[in-house]
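K.L.:
Sharing a structure with you now.
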Amino acid sequence: MNAQAADLPGAIVRGRFAALDMLATLVAVVRSNGEVLFANSALEDALGTSRRTIEGSYFPALFTEPGSLQHALTGAGSNDFAALRYDDWLVRQGHDPLPVHVIVTQTEQTQEIVVELLPLEQQARQEREERLIDQAEANKELIRNLAHEIKNPLGGIRGAAQLLQMEVDSRELTEYTQVIIHEADRLQTLVDRLLAPHRRARVVGDVNIHEVCERVRSLIQAEFPRGLKVEREYDVSIPEFRGDREQLIQALLNIAHNACQALSERMTQGDAELMFRTVIARQVTFGKKRYRLALELHVIDNGPGVPEAIKDRIFFPLVSGREGGSGLGLTLAQTFVQQHDGLIECDSTPGRTDFKILLPLP
């Protein structure tokens, strides 16, 4: 029998389970005796070895507690249970063991058992991303409803104040009506900013992310010319992608501007630092989808960090870490990025804050 014929059963098995390659979680199809029939791409990446090496091997040997998985496989094979969950550590060559949540599930075929591994860190990250997405949707509805509820009576208040101003002769009373008109205009501006992302039609074209970064860098350096060092680390291999260039400029500018305002004390000392860094991420999952390639755009500063009291709420509307802030910059940035199927994450400690923009690449 030639090699091609010998590989035919394996090719048939891989064809049957090819859809599992689309999953972000680590999946293996295993016999009750522990022999691997199929390993998906995510498991292949996690172990750092080819699926041909994994397939045919004894799967429990890849865990710190092999007896636990073998017991689960034996139980599933003899129909003792339909599914079983427990935590273990996946052993990887050249890397530390990976903590995983193991899910062992029966299939319709008695000798085919699905073992799904959820990295505990990844599981926590996915839950955090889902909260961010749900939060952004709730924010969007809240902003739209609140803005419309404010806008209607606001026009009436301003109009009444203008009419009143024409009727009064007292200078003091005129000043009061001018205060009403001025504050009504200020609230109108705030409402317009809240509604802006939902009103303006997107203008989609080819976007070079480094042109976006350079535009923002020039604006930041013009506004903060002293005491700030702006560094760049660009991956020039990142391809262009389809998007709204102006929206992305505004999103990045909002993040960078917030960072610079947090760096005010360090600017006075002359040691403020801001960095734009771009890298390509491969086989990543965010926004409940898995992408072969994605852009990671980091905005890193050496400021005091995000206050603990608002760390979990920084993307909420009207939440600001500084006195006098509108609390809209990050909310709008997240909205613009999510309109590109992306996500913004924040990792902040005193001395280092990293806002990471994730965008899918073609």
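By convention here, the chains of the structure tokens are called A, B, ... in the order presented, each chain's residues are numbered starting at 1, and ligands are numbered starting at 1 in the order presented.
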Give me the residues near range 70-87 of chain A as a PyMOL selection string, where near means some atom within 9 Å (using only C-alpha atoms) and where sequence neighbours in that chain fewer than 5 positions away do not count.
P.N.:
chain A and resi 30-34+59-60+99-107+110-113+115+120
K.L.:
DSSP says strand (DSSP E) for which residues of range 159-235 of chain A? Put them as a list in words?
P.N.:
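Put together, the selection reads Gly205, Asp206, Val207, Leu228, Lys229, Val230, Glu231, Arg232 and Glu233 of chain A.
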K.L.:
Dump N, CA and C atoms for the selected residues as a short mmCIF file (atom, residue, chain, number, x, y, z; two decimals), in the first residue's frame?
P.N.:
data_model
loop_
_atom_site.label_atom_id
_atom_site.label_comp_id
_atom_site.auth_asym_id
_atom_site.auth_seq_id
_atom_site.Cartn_x
_atom_site.Cartn_y
_atom_site.Cartn_z
N GLY A 205 -13.10 53.49 2.61
CA GLY A 205 -12.07 53.47 1.58
C GLY A 205 -10.88 52.67 2.09
N ASP A 206 -9.79 52.67 1.32
CA ASP A 206 -8.58 51.98 1.75
C ASP A 206 -7.89 52.80 2.84
N VAL A 207 -7.53 52.12 3.93
CA VAL A 207 -6.91 52.80 5.08
C VAL A 207 -5.51 52.24 5.31
N LEU A 228 7.02 66.36 26.02
CA LEU A 228 6.43 65.09 25.58
C LEU A 228 7.27 64.47 24.47
N LYS A 229 7.65 63.22 24.67
CA LYS A 229 8.38 62.47 23.65
C LYS A 229 7.43 61.44 23.03
N VAL A 230 7.24 61.53 21.73
CA VAL A 230 6.35 60.60 21.02
C VAL A 230 7.20 59.61 20.23
N GLU A 231 7.05 58.33 20.56
CA GLU A 231 7.82 57.28 19.88
C GLU A 231 6.90 56.44 19.01
N ARG A 232 7.51 55.78 17.99
CA ARG A 232 6.74 54.94 17.08
C ARG A 232 7.46 53.62 16.84
N GLU A 233 6.71 52.55 16.87
CA GLU A 233 7.21 51.22 16.49
C GLU A 233 6.18 50.62 15.54
#
K.L.:
So which one's closest to Ile255 in chain A, A:Leu164, A:Leu332, A:Leu20, A:Ala222? Using only C-alpha atoms, please.
P.N.:
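Counting only C-alpha atoms, the residue closest to Ile255 in chain A is A:Leu332.
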K.L.:
Report as a list in words all protein, DNA and RNA residues lying within 10 Å of Phe241 in chain A, evaluated on only C-alpha atoms, omitting residues in the same chain fewer than 6 positions from it.
P.N.:
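The filter keeps Val204, Gly205, Asp206, Val207, Asn208, Ile209, Leu295, Leu359, Pro360, Leu361 and Pro362 of chain A.
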K.L.:
Between CA of Ala46 in chain A and CA of Ala19 in chain A, what distance in Å does the model show, to one decimal?
P.N.:
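Computed distance, CA of Ala46 in chain A to CA of Ala19 in chain A, equals 18.0 Å.
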K.L.:
Between A:Phe38, A:Gln165, A:Phe315, A:Leu69, which has the minimum distance to Ser50 in chain A (counting only C-alpha atoms)?
P.N.:
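The answer is A:Phe38, which sits nearest to Ser50 in chain A.
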K.L.:
Hey, what's within 10 Å of Leu98 in chain A if we count only C-alpha atoms and toss same-chain stuff fewer than 5 positions away? As a VMD selection string, please?
P.N.:
chain A and resid 46 to 47 63 to 64 88 to 92 118 to 121
K.L.:
Hey, can you spit out that residue selection with C-alpha atoms as a short mmCIF file (atom, residue, chain, number, x, y, z; two decimals), in the first residue's frame?
P.N.:
data_model
loop_
_atom_site.label_atom_id
_atom_site.label_comp_id
_atom_site.auth_asym_id
_atom_site.auth_seq_id
_atom_site.Cartn_x
_atom_site.Cartn_y
_atom_site.Cartn_z
CA ALA A 46 -1.42 26.07 21.28
CA LEU A 47 0.83 23.01 21.36
CA PHE A 63 -1.89 16.81 30.68
CA THR A 64 -0.33 17.09 34.12
CA ASP A 88 -6.37 20.69 34.31
CA TRP A 89 -3.03 21.88 32.89
CA LEU A 90 -2.03 21.30 29.26
CA VAL A 91 1.68 20.52 28.89
CA ARG A 92 3.45 22.36 26.03
CA LEU A 118 -10.91 26.45 27.16
CA PRO A 119 -7.79 28.29 28.32
CA LEU A 120 -8.87 29.87 31.60
CA GLU A 121 -7.17 33.14 30.72
#
